[in-house]
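Pasting query32.csv here (CSV, C-alpha atoms and all ligand atoms):
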chain,number,residue,atom,x,y,z
A,1,MET,CA,23.5,21.8,39.7
A,2,SER,CA,23.9,25.1,37.8
A,3,TYR,CA,24.2,28.4,39.7
A,4,LEU,CA,23.3,30.4,36.7
A,5,ALA,CA,19.9,32.1,36.8
A,6,LYS,CA,17.2,30.3,34.9
A,7,ASN,CA,16.4,33.1,32.4
A,8,TYR,CA,17.6,30.9,29.5
A,9,ASN,CA,16.3,27.5,28.4
A,10,ARG,CA,19.8,26.3,27.4
A,11,LYS,CA,20.3,23.3,25.2
A,12,LYS,CA,22.3,20.5,26.8
A,13,ILE,CA,25.4,21.0,24.7
A,14,SER,CA,28.6,22.9,25.3
A,15,PHE,CA,31.6,23.5,23.0
A,16,LYS,CA,35.3,23.2,23.5
A,17,TYR,CA,36.5,25.2,20.5
A,18,GLY,CA,35.4,26.7,17.1
A,19,LYS,CA,37.1,27.1,13.8
A,20,GLY,CA,35.5,29.1,10.9
A,21,SER,CA,32.0,27.8,10.4
A,22,PHE,CA,32.4,24.8,12.8
A,23,LEU,CA,32.0,24.2,16.5
A,24,TYR,CA,33.4,21.2,18.3
A,25,SER,CA,31.5,20.0,21.4
A,26,VAL,CA,33.1,18.8,24.6
A,27,ASP,CA,31.8,15.3,23.8
A,28,GLY,CA,33.8,15.3,20.5
A,29,LYS,CA,31.1,16.1,17.9
A,30,LYS,CA,31.5,18.6,15.1
A,31,TYR,CA,28.7,21.0,14.3
A,32,LEU,CA,28.1,23.3,11.4
A,33,ASP,CA,27.4,26.5,13.2
A,34,PHE,CA,24.8,28.6,11.4
A,35,VAL,CA,23.9,30.6,14.5
A,36,GLN,CA,27.4,32.1,15.1
A,37,GLY,CA,26.3,33.6,18.4
A,38,ILE,CA,23.2,35.1,16.7
A,39,ALA,CA,24.9,37.1,13.9
A,40,VAL,CA,27.8,38.0,16.1
A,41,ASN,CA,30.8,36.0,14.8
A,42,SER,CA,30.6,37.7,11.4
A,43,LEU,CA,34.0,36.1,10.4
A,44,GLY,CA,33.4,32.7,12.0
A,45,HIS,CA,35.2,31.3,14.9
A,46,ALA,CA,38.9,32.0,15.6
A,47,HIS,CA,39.6,34.1,12.6
A,48,PRO,CA,43.5,34.5,12.5
A,49,LYS,CA,43.3,38.3,11.9
A,50,LEU,CA,41.1,38.8,14.9
A,51,ILE,CA,43.2,36.5,17.1
A,52,ASN,CA,46.2,38.6,16.0
A,53,ALA,CA,44.4,41.9,16.7
A,54,VAL,CA,43.3,40.8,20.2
A,55,SER,CA,46.6,39.3,21.2
A,56,LYS,CA,48.7,42.3,19.9
A,57,GLN,CA,46.5,44.8,21.7
A,58,SER,CA,46.2,42.7,24.9
A,59,LYS,CA,50.0,43.1,25.4
A,60,LYS,CA,49.8,46.9,24.9
A,61,LEU,CA,46.7,48.3,26.6
A,62,TRP,CA,43.3,46.9,27.5
A,63,HIS,CA,41.4,49.8,29.0
A,64,VAL,CA,41.5,53.5,29.6
A,65,SER,CA,38.7,55.8,30.5
A,66,ASN,CA,36.9,57.8,27.9
A,67,ALA,CA,38.2,60.8,29.9
A,68,PHE,CA,41.3,60.3,27.7
A,69,GLN,CA,41.9,60.1,23.9
A,70,ILE,CA,41.6,56.6,22.5
A,71,PRO,CA,43.4,56.5,19.1
A,72,GLU,CA,42.0,53.0,18.3
A,73,GLY,CA,38.5,54.3,18.7
A,74,GLU,CA,39.2,57.4,16.7
A,75,MET,CA,40.4,55.2,13.9
A,76,LEU,CA,37.3,52.9,13.9
A,77,ALA,CA,35.0,55.9,14.1
A,78,LYS,CA,36.8,57.4,11.1
A,79,LYS,CA,36.4,54.2,9.1
A,80,LEU,CA,32.7,54.0,9.9
A,81,VAL,CA,32.1,57.6,8.9
A,82,LYS,CA,34.0,57.3,5.7
A,83,LYS,CA,32.1,54.2,4.7
A,84,THR,CA,28.6,55.4,5.7
A,85,PHE,CA,26.0,58.2,6.0
A,86,ALA,CA,27.3,59.1,9.4
A,87,ASP,CA,29.2,62.1,10.7
A,88,TYR,CA,29.8,60.9,14.2
A,89,VAL,CA,30.1,57.6,16.2
A,90,MET,CA,29.5,56.9,19.8
A,91,PHE,CA,30.8,53.5,21.2
A,92,GLN,CA,28.8,51.3,23.5
A,93,ASN,CA,29.1,47.6,24.6
A,94,SER,CA,25.9,46.0,23.2
A,95,GLY,CA,23.0,46.3,20.9
A,96,ALA,CA,20.5,47.3,23.6
A,97,GLU,CA,22.8,50.0,24.9
A,98,ALA,CA,23.1,51.3,21.3
A,99,THR,CA,19.4,51.4,20.7
A,100,GLU,CA,18.8,53.1,24.1
A,101,ALA,CA,21.5,55.6,23.2
A,102,ALA,CA,19.8,56.2,19.8
A,103,ILE,CA,16.6,57.0,21.6
A,104,LYS,CA,18.5,59.4,23.9
A,105,ILE,CA,20.1,61.1,20.9
A,106,ALA,CA,16.8,61.7,19.2
A,107,ARG,CA,15.1,63.1,22.4
A,108,ARG,CA,18.1,65.3,23.2
A,109,TYR,CA,18.2,66.8,19.7
A,110,PHE,CA,14.6,68.1,20.0
A,111,TYR,CA,15.3,69.2,23.6
A,112,SER,CA,18.3,71.1,22.4
A,113,ILE,CA,16.3,73.0,19.8
A,114,GLY,CA,13.6,73.9,22.3
A,115,LYS,CA,11.0,71.4,21.3
A,116,ARG,CA,10.8,69.7,24.7
A,117,LYS,CA,7.6,67.8,24.2
A,118,LYS,CA,8.7,66.2,21.0
A,119,ASN,CA,10.1,63.1,22.6
A,120,ARG,CA,7.9,60.1,21.6
A,121,ILE,CA,9.4,57.2,19.7
A,122,LEU,CA,7.3,55.3,17.1
A,123,CYS,CA,8.2,51.7,16.7
A,124,ILE,CA,6.9,48.5,15.1
A,125,LYS,CA,4.7,46.4,17.3
A,126,ASN,CA,6.6,43.1,18.3
A,127,SER,CA,9.9,44.3,17.0
A,128,PHE,CA,13.1,43.8,18.9
A,129,HIS,CA,15.5,46.4,20.1
A,130,GLY,CA,17.1,44.7,23.1
A,131,ARG,CA,16.3,43.8,26.7
A,132,THR,CA,16.8,46.9,28.8
A,133,LEU,CA,13.7,48.5,30.2
A,134,ALA,CA,13.4,51.2,27.5
A,135,ALA,CA,14.2,48.7,24.7
A,136,ILE,CA,11.5,46.2,25.8
A,137,PHE,CA,8.9,48.9,25.9
A,138,ALA,CA,10.1,50.1,22.5
A,139,SER,CA,9.7,46.6,21.2
A,140,GLY,CA,6.1,46.6,22.5
A,141,SER,CA,5.8,42.8,22.8
A,142,LYS,CA,3.7,41.5,25.6
A,143,LYS,CA,6.0,38.5,26.1
A,144,MET,CA,9.0,40.7,26.8
A,145,THR,CA,7.3,43.4,28.9
A,146,GLU,CA,5.0,41.2,31.1
A,147,GLY,CA,5.9,41.6,34.7
A,148,PHE,CA,8.4,44.4,34.1
A,149,GLY,CA,6.1,47.4,34.8
A,150,PRO,CA,5.6,50.2,35.4
A,151,LYS,CA,5.6,50.8,31.7
A,152,VAL,CA,8.4,53.0,30.3
A,153,SER,CA,6.4,55.7,28.6
A,154,GLY,CA,7.1,57.6,25.4
A,155,PHE,CA,6.7,54.7,22.9
A,156,ASP,CA,4.0,54.3,20.3
A,157,HIS,CA,3.5,51.4,18.0
A,158,PHE,CA,2.3,50.6,14.5
A,159,GLU,CA,1.8,47.3,12.7
A,160,PHE,CA,4.5,46.0,10.3
A,161,GLY,CA,3.5,46.7,6.7
A,162,ASN,CA,0.5,48.8,7.7
A,163,HIS,CA,0.9,52.3,6.3
A,164,LYS,CA,-2.4,53.5,7.7
A,165,SER,CA,-1.5,52.4,11.2
A,166,LEU,CA,1.8,54.2,10.9
A,167,THR,CA,0.4,57.6,9.8
A,168,LYS,CA,-2.3,57.4,12.4
A,169,LYS,CA,0.2,57.0,15.2
A,170,ILE,CA,2.4,60.0,14.2
A,171,SER,CA,1.7,63.0,16.4
A,172,LYS,CA,3.4,66.4,16.7
A,173,ASN,CA,5.3,65.0,19.6
A,174,THR,CA,6.9,62.2,17.6
A,175,ALA,CA,10.6,62.7,17.8
A,176,ALA,CA,11.7,59.6,15.9
A,177,ILE,CA,10.6,56.5,14.0
A,178,MET,CA,12.7,53.5,15.0
A,179,VAL,CA,12.6,50.3,13.0
A,180,GLU,CA,14.8,47.4,12.3
A,181,THR,CA,15.6,47.5,8.6
A,182,ILE,CA,15.2,43.7,8.6
A,183,MET,CA,13.3,42.4,11.6
A,184,GLY,CA,15.4,39.6,13.1
A,185,GLU,CA,13.8,38.2,16.2
A,186,GLY,CA,10.4,39.1,14.7
A,187,GLY,CA,10.7,36.5,12.0
A,188,ILE,CA,13.2,37.8,9.3
A,189,LYS,CA,10.8,40.4,7.8
A,190,VAL,CA,12.5,42.7,5.4
A,191,ILE,CA,11.2,46.3,5.1
A,192,PRO,CA,11.1,46.8,1.3
A,193,ASP,CA,13.2,49.6,-0.1
A,194,TRP,CA,10.2,51.6,-1.3
A,195,CYS,CA,8.8,51.5,2.3
A,196,LEU,CA,12.1,52.8,3.6
A,197,ARG,CA,11.9,55.7,1.1
A,198,GLU,CA,8.3,56.4,2.2
A,199,LEU,CA,9.5,56.4,5.8
A,200,ARG,CA,12.2,58.9,5.0
A,201,LYS,CA,9.7,61.1,3.2
A,202,ILE,CA,7.3,61.1,6.1
A,203,CYS,CA,10.1,61.9,8.6
A,204,ASP,CA,11.3,64.8,6.4
A,205,LYS,CA,7.8,66.2,6.1
A,206,LYS,CA,7.0,66.0,9.8
A,207,ASN,CA,10.5,66.8,11.1
A,208,ILE,CA,11.0,63.4,12.7
A,209,LEU,CA,14.4,61.6,13.0
A,210,LEU,CA,14.7,58.2,11.3
A,211,ILE,CA,16.5,55.5,13.4
A,212,LEU,CA,17.3,52.3,11.5
A,213,ASP,CA,18.3,49.6,14.0
A,214,GLU,CA,21.0,47.6,12.2
A,215,VAL,CA,22.2,45.7,15.2
A,216,GLN,CA,21.4,42.3,13.6
A,217,CYS,CA,21.2,43.1,9.9
A,218,GLY,CA,24.1,45.5,9.6
A,219,ILE,CA,27.8,45.1,9.0
A,220,GLY,CA,27.6,43.1,5.8
A,221,ARG,CA,24.9,40.7,7.0
A,222,SER,CA,22.5,41.7,4.2
A,223,GLY,CA,25.2,41.7,1.5
A,224,ASP,CA,25.6,45.5,1.7
A,225,PHE,CA,27.4,47.1,4.6
A,226,PHE,CA,24.1,48.4,5.8
A,227,ALA,CA,20.8,46.8,4.8
A,228,PHE,CA,19.2,50.1,4.0
A,229,GLU,CA,21.9,51.1,1.4
A,230,ARG,CA,20.2,49.8,-1.7
A,231,SER,CA,17.1,52.0,-0.9
A,232,LYS,CA,19.4,55.0,-1.1
A,233,VAL,CA,17.8,56.2,2.1
A,234,LYS,CA,19.9,58.2,4.5
A,235,PRO,CA,18.8,57.6,8.1
A,236,ASP,CA,19.7,60.0,10.9
A,237,ILE,CA,20.7,57.5,13.5
A,238,VAL,CA,21.8,53.9,13.3
A,239,PRO,CA,22.6,51.6,16.2
A,240,ILE,CA,24.9,48.7,15.5
A,241,ALA,CA,26.5,45.9,17.6
A,242,LYS,CA,26.9,42.2,17.0
A,243,GLY,CA,28.8,41.8,13.7
A,244,ILE,CA,31.2,44.8,14.2
A,245,GLY,CA,32.9,43.0,17.2
A,246,GLY,CA,33.1,39.6,15.4
A,247,GLY,CA,32.6,38.0,18.9
A,248,PHE,CA,34.0,40.8,21.1
A,249,PRO,CA,31.2,42.9,22.7
A,250,ILE,CA,30.9,46.2,20.9
A,251,GLY,CA,28.0,48.5,20.3
A,252,ALA,CA,27.9,51.8,18.6
A,253,VAL,CA,25.6,54.5,17.4
A,254,LEU,CA,26.2,56.2,14.1
A,255,MET,CA,24.6,59.6,13.5
A,256,ASN,CA,24.5,62.6,11.2
A,257,LYS,CA,25.5,66.1,12.3
A,258,LYS,CA,22.0,67.2,13.0
A,259,ALA,CA,21.2,64.3,15.3
A,260,ALA,CA,24.6,64.6,17.0
A,261,SER,CA,24.1,68.3,17.8
A,262,GLY,CA,22.3,67.7,21.1
A,263,MET,CA,24.9,65.4,22.5
A,264,THR,CA,27.2,67.9,24.2
A,265,ALA,CA,29.8,66.9,26.7
A,266,GLY,CA,28.4,65.1,29.7
A,267,THR,CA,25.1,64.0,28.0
A,268,HIS,CA,26.0,60.4,27.7
A,269,GLY,CA,28.8,58.0,28.6
A,270,SER,CA,30.0,54.5,29.0
A,271,THR,CA,32.9,53.1,31.2
A,272,PHE,CA,33.8,50.3,28.8
A,273,GLY,CA,32.4,51.6,25.5
A,274,GLY,CA,35.1,52.0,22.9
A,275,ASN,CA,38.0,50.7,25.0
A,276,PRO,CA,41.3,49.9,23.2
A,277,LEU,CA,40.9,46.1,23.3
A,278,ALA,CA,37.4,46.3,21.8
A,279,MET,CA,38.5,48.9,19.2
A,280,ALA,CA,41.5,46.8,18.1
A,281,VAL,CA,39.1,44.0,17.2
A,282,GLY,CA,36.5,46.3,15.7
A,283,ASN,CA,39.1,47.9,13.4
A,284,SER,CA,40.2,44.4,12.1
A,285,VAL,CA,36.6,43.3,11.5
A,286,MET,CA,35.9,46.6,9.7
A,287,ASP,CA,38.9,46.3,7.4
A,288,ILE,CA,37.8,42.9,6.2
A,289,ILE,CA,34.0,43.4,5.9
A,290,SER,CA,34.0,46.9,4.4
A,291,ASN,CA,35.9,45.6,1.4
A,292,LYS,CA,33.8,45.6,-1.7
A,293,ARG,CA,35.0,42.2,-2.9
A,294,PHE,CA,34.1,40.7,0.5
A,295,LEU,CA,30.6,42.1,0.3
A,296,ASN,CA,30.2,40.9,-3.3
A,297,ASN,CA,31.1,37.4,-2.1
A,298,VAL,CA,28.4,37.7,0.6
A,299,LYS,CA,25.9,38.6,-2.1
A,300,ASN,CA,26.9,35.8,-4.5
A,301,ILE,CA,26.9,33.1,-1.8
A,302,SER,CA,23.6,34.4,-0.6
A,303,LYS,CA,22.1,34.1,-4.1
A,304,TYR,CA,23.2,30.5,-4.3
A,305,PHE,CA,21.9,29.7,-0.8
A,306,PHE,CA,18.5,31.2,-1.6
A,307,LEU,CA,18.3,29.3,-4.9
A,308,LYS,CA,19.0,26.0,-3.1
A,309,LEU,CA,16.6,26.8,-0.2
A,310,ASN,CA,13.8,27.7,-2.6
A,311,GLN,CA,14.4,24.4,-4.5
A,312,ILE,CA,13.8,22.6,-1.1
A,313,LYS,CA,10.8,24.7,-0.4
A,314,ASN,CA,9.3,23.8,-3.8
A,315,LYS,CA,10.0,20.1,-3.2
A,316,TYR,CA,8.5,20.2,0.3
A,317,PRO,CA,5.7,22.9,0.2
A,318,LYS,CA,3.8,21.1,3.0
A,319,VAL,CA,6.8,21.6,5.4
A,320,ILE,CA,8.2,25.0,4.3
A,321,ARG,CA,5.9,28.0,3.7
A,322,GLU,CA,8.4,30.6,2.7
A,323,ILE,CA,12.1,31.4,2.5
A,324,ARG,CA,12.7,34.9,3.8
A,325,GLY,CA,15.5,37.4,4.3
A,326,LYS,CA,18.4,39.1,2.6
A,327,GLY,CA,22.1,38.3,2.3
A,328,LEU,CA,23.0,35.8,5.1
A,329,LEU,CA,20.2,36.7,7.4
A,330,ILE,CA,17.8,34.0,6.3
A,331,GLY,CA,14.6,32.6,7.6
A,332,ILE,CA,12.9,29.3,6.7
A,333,GLN,CA,9.3,29.8,7.7
A,334,LEU,CA,7.5,26.5,8.4
A,335,HIS,CA,3.8,25.9,8.4
A,336,SER,CA,3.9,24.9,12.1
A,337,ASP,CA,6.1,25.3,15.2
A,338,GLN,CA,9.8,25.0,14.4
A,339,THR,CA,11.1,23.4,17.6
A,340,LYS,CA,11.2,19.8,16.2
A,341,PHE,CA,12.7,21.0,12.9
A,342,ILE,CA,15.5,22.8,14.7
A,343,LYS,CA,16.1,19.8,17.0
A,344,LYS,CA,16.4,17.5,13.9
A,345,LEU,CA,18.8,19.8,12.2
A,346,MET,CA,20.9,19.8,15.4
A,347,ASP,CA,20.7,16.0,15.6
A,348,ASN,CA,22.2,16.1,12.0
A,349,LYS,CA,24.9,18.5,13.2
A,350,LEU,CA,23.6,21.8,11.9
A,351,LEU,CA,23.0,24.5,14.4
A,352,THR,CA,20.2,27.1,13.7
A,353,ILE,CA,18.0,29.2,15.9
A,354,ARG,CA,14.4,30.2,16.1
A,355,ALA,CA,12.7,33.5,15.3
A,356,ALA,CA,9.0,34.5,15.6
A,357,GLU,CA,6.3,33.2,13.2
A,358,ASN,CA,7.6,29.6,13.0
A,359,VAL,CA,10.8,30.7,11.5
A,360,VAL,CA,14.1,28.8,11.6
A,361,ARG,CA,16.8,31.5,11.5
A,362,ILE,CA,20.0,30.8,9.6
A,363,LEU,CA,23.1,32.9,10.2
A,364,PRO,CA,26.2,31.6,8.7
A,365,PRO,CA,29.5,33.5,9.1
A,366,LEU,CA,29.8,36.0,6.2
A,367,ASN,CA,32.9,34.2,4.9
A,368,VAL,CA,31.1,30.9,4.7
A,369,LYS,CA,32.3,28.5,2.0
A,370,LYS,CA,30.1,27.1,-0.8
A,371,SER,CA,30.9,23.6,0.4
A,372,GLU,CA,29.5,24.4,3.8
A,373,ILE,CA,26.3,25.8,2.3
A,374,ASN,CA,26.0,22.6,0.3
A,375,GLN,CA,26.5,20.6,3.5
A,376,SER,CA,23.7,22.5,5.3
A,377,ILE,CA,21.4,22.1,2.2
A,378,LYS,CA,21.9,18.3,2.4
A,379,ILE,CA,20.9,18.3,6.1
A,380,ILE,CA,17.9,20.6,5.6
A,381,LYS,CA,16.7,18.4,2.7
A,382,LYS,CA,17.0,15.3,4.8
A,383,VAL,CA,15.1,16.8,7.7
A,384,CYS,CA,12.3,18.0,5.3
A,385,SER,CA,12.0,14.6,3.7
A,386,GLY,CA,11.7,13.0,7.2
A,387,LEU,CA,8.9,15.4,8.1
A,388,ASN,CA,7.0,15.3,4.8
B,1,LIG,C1,17.7,44.5,16.0
B,1,LIG,C2,18.3,44.3,17.3
B,1,LIG,N1,18.4,45.3,18.1
B,1,LIG,C3,19.0,45.2,19.4
B,1,LIG,C4,19.4,44.0,19.9
B,1,LIG,C5,20.0,43.9,21.2
B,1,LIG,O1,21.3,43.6,21.2
B,1,LIG,P1,22.1,43.0,22.5
B,1,LIG,O2,21.5,41.6,22.7
B,1,LIG,O3,23.5,43.1,22.1
B,1,LIG,O4,21.8,43.9,23.6
B,1,LIG,C6,19.3,42.9,19.1
B,1,LIG,C7,19.7,41.6,19.6
B,1,LIG,O5,19.3,40.5,19.1
B,1,LIG,C8,18.7,43.0,17.8
B,1,LIG,O6,18.6,42.0,17.0
Please render this file's structure as structure tokens.
Amino acid sequence: MSYLAKNYNRKKISFKYGKGSFLYSVDGKKYLDFVQGIAVNSLGHAHPKLINAVSKQSKKLWHVSNAFQIPEGEMLAKKLVKKTFADYVMFQNSGAEATEAAIKIARRYFYSIGKRKKNRILCIKNSFHGRTLAAIFASGSKKMTEGFGPKVSGFDHFEFGNHKSLTKKISKNTAAIMVETIMGEGGIKVIPDWCLRELRKICDKKNILLILDEVQCGIGRSGDFFAFERSKVKPDIVPIAKGIGGGFPIGAVLMNKKAASGMTAGTHGSTFGGNPLAMAVGNSVMDIISNKRFLNNVKNISKYFFLKLNQIKNKYPKVIREIRGKGLLIGIQLHSDQTKFIKKLMDNKLLTIRAAENVVRILPPLNVKKSEINQSIKIIKKVCSGLN
């Protein structure tokens, strides 16, 4: 008998401990974990530097209110600003909170300059920005919003990859365009760099703020610190979460001066957001991931992984339709439903997770070893050959 609410269809497996890329189940089995809490444990399980950061800080100070100065948070904000487009950072606890805060920041900016009707947010249909009321209506998926009315208004939608549908949906009241740079839950769909540049141009022309949701694809996951970096586009607002905490719940919104200008004292807050314990871990994660050599390793291992996966795709074209993604945010798109495939991978001790459009999502830790990639390739090949 479980007293947990039934909002998850949990697999009948639980784990005793984890180390790096591996999870060890209570019944003594060892799994290669290419879920990593859905792109959360960016440095794998039980990373010694993160253990050290948490234990050191836990003996000093866990929590103080944001009514006081928090030096650990000041330090992480400074690192994020120095590394990115941003001028300011606001800490939260999760991705959904960060995307909601991003929406608030955009609306508040136009309010503060007297454009009070300019408050609509334009998003991609069937995207994913979290599970709060505003975030599900921002995502615009029937599955997520059904039964949760009344509808949260203020969101418009366009189709992924459809420029015409995008321009048609922009009105004089559009405050922001909010998209995931790489759609995670939506099926690992990458917005091409030229599209990001077009988005920026449209936003500049029409005085619209550009919000790039990097909750899943940010913090090194794409091989760059942010997935939009190679496009040279500078967004106005970027919500992050998942990877920056390495397993500790942290969310944040990065923003430029313009976007931040409406957020005066009292306009937003969070009891837990940016507390010393979270910030100690965030600083450690940041120090490791923001290193150029670390990010180059992610790029190199990703190149190798994609090469191997495409070789499997070419050998089993009836099973695999496409290999998608960037860096270590990878999707194997099948021709049919992926449930059986994921189950077979798991029977062979490789953990993966689904995404939309028959996609098997693969999210190794960013410090994954080549031997571990090889191990996963062997398992994926075996499962493909069994299904061929
Ligand atoms: C792109 C994106 N935005 C927002 C969220 C919501 O994050 P959280 O589950 O931490 O609220 C997610 C979670 O998967 C996500 O992938």
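Counting all atoms listed in the file and comparing A:Gly20, A:Gly44, A:Gly325, A:Gly37, the residue that lies closest to ligand LIG 1 (chain B) is A:Gly37.
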Next on the checklist: Using all atoms listed in the file, which residues have at least one atom no more than 6 Å from ligand LIG 1 (chain B)? Output them as a VMD selection string.
Outcome noted: chain A and resid 94 to 96 128 to 130 180 184 213 to 216
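The interatomic distance for the pair atom CA of Met183 of chain A and atom CA of Cys217 of chain A works out to 8.1 Å.
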Next on the checklist: With distances taken over all atoms listed in the file, which residue among A:Phe305, A:Phe68, A:Phe110, A:Phe228 lies nearest Leu199 of chain A?
Outcome noted: A:Phe228
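You will find atom CA of Phe341 of chain A at 24.4 Å from atom CA of Met144 of chain A.
If you look at atom CA of Gly149 of chain A and atom CA of Ala134 of chain A, they are 11.0 Å away from each other.
Compared by their closest atoms to Asn388 of chain A, and using only C-alpha atoms, the residues A:Phe160, A:Tyr316, A:Tyr3, A:Phe15 rank with A:Tyr316 nearest.
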Write out as a short mmCIF file (atom, residue, chain, number, x, y, z; two decimals) with C-alpha atoms, in the frame of the given file each polymer residue whose atoms come within 7 Å of Leu328 of chain A, counting only C-alpha atoms; drop sequence neighbours fewer than 5 positions from it.
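Written file, selection14.cif:
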data_model
loop_
_atom_site.label_atom_id
_atom_site.label_comp_id
_atom_site.auth_asym_id
_atom_site.auth_seq_id
_atom_site.Cartn_x
_atom_site.Cartn_y
_atom_site.Cartn_z
CA ARG A 221 24.90 40.70 7.00
CA SER A 222 22.50 41.70 4.20
CA SER A 302 23.60 34.40 -0.60
CA LEU A 363 23.10 32.90 10.20
CA PRO A 364 26.20 31.60 8.70
CA LEU A 366 29.80 36.00 6.20
#
Checklist entry - Pick the closest to Ile191 of chain A from A:Ile240, A:Arg324, A:Asn275, A:Ser14: which is it, counting only C-alpha atoms? => result A:Arg324
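For the residues A:His47, A:Arg131, A:Lys172, A:Lys344, ranking by smallest atom-to-atom distance to Lys206 of chain A using all atoms listed in the file places A:Lys172 first.
Minimum distance to Thr84 of chain A across A:Arg200, A:Lys315, A:Lys234, A:Arg321 (counting all atoms listed in the file) occurs at A:Lys234.
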Residue contacts of Leu309 of chain A (9 Å, only C-alpha atoms) excluding same-chain residues fewer than 6 positions away, as a CSV table (one decimal) with C-alpha atoms, keeping the file's coordinate frame:
chain,number,residue,atom,x,y,z
A,323,ILE,CA,12.1,31.4,2.5
A,332,ILE,CA,12.9,29.3,6.7
A,377,ILE,CA,21.4,22.1,2.2
A,380,ILE,CA,17.9,20.6,5.6
A,381,LYS,CA,16.7,18.4,2.7
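Near Leu295 of chain A, within a cut-off of 8 Å and counting only C-alpha atoms, sit the residues Gly220, Gly223, Asp224, Phe225, Ile289 and Ser290 of chain A, with same-chain residues fewer than 5 positions away left out.
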Checklist entry - Quick one: residues within 12 Å of Asn358 of chain A, all atoms listed in the file counted, chain neighbours fewer than 3 positions away excluded, as a PyMOL selection string? => result chain A and resi 185-188+319-324+331-342+353-355+361
Closest contacts (segment 130-242 of chain A/segment 258-268 of chain A, max 12 Å, only C-alpha atoms) as a tab-separated table:
residue	atom	partner	partner_atom	distance
A:Ala175	CA	A:Ala259	CA	11.0
A:Ala176	CA	A:Ala259	CA	10.6
A:Asn207	CA	A:Lys258	CA	11.7
A:Ile208	CA	A:Ala259	CA	10.6
A:Leu209	CA	A:Ala259	CA	7.7
A:Leu210	CA	A:Ala259	CA	9.8
A:Ile211	CA	A:Ala259	CA	10.2
A:Pro235	CA	A:Ala259	CA	10.1
A:Asp236	CA	A:Ala259	CA	6.3
A:Ile237	CA	A:Ala259	CA	7.1
A:Val238	CA	A:Ala259	CA	10.6
Work out where the centre of an axis-aligned box around every listed atom of segment 243-255 of chain A lies and how long its edges are once 3 Å is added on each side; give both in Å to one decimal as JSON.
{"center_x": 29.3, "center_y": 48.8, "center_z": 18.1, "size_x": 15.4, "size_y": 27.6, "size_z": 15.2}
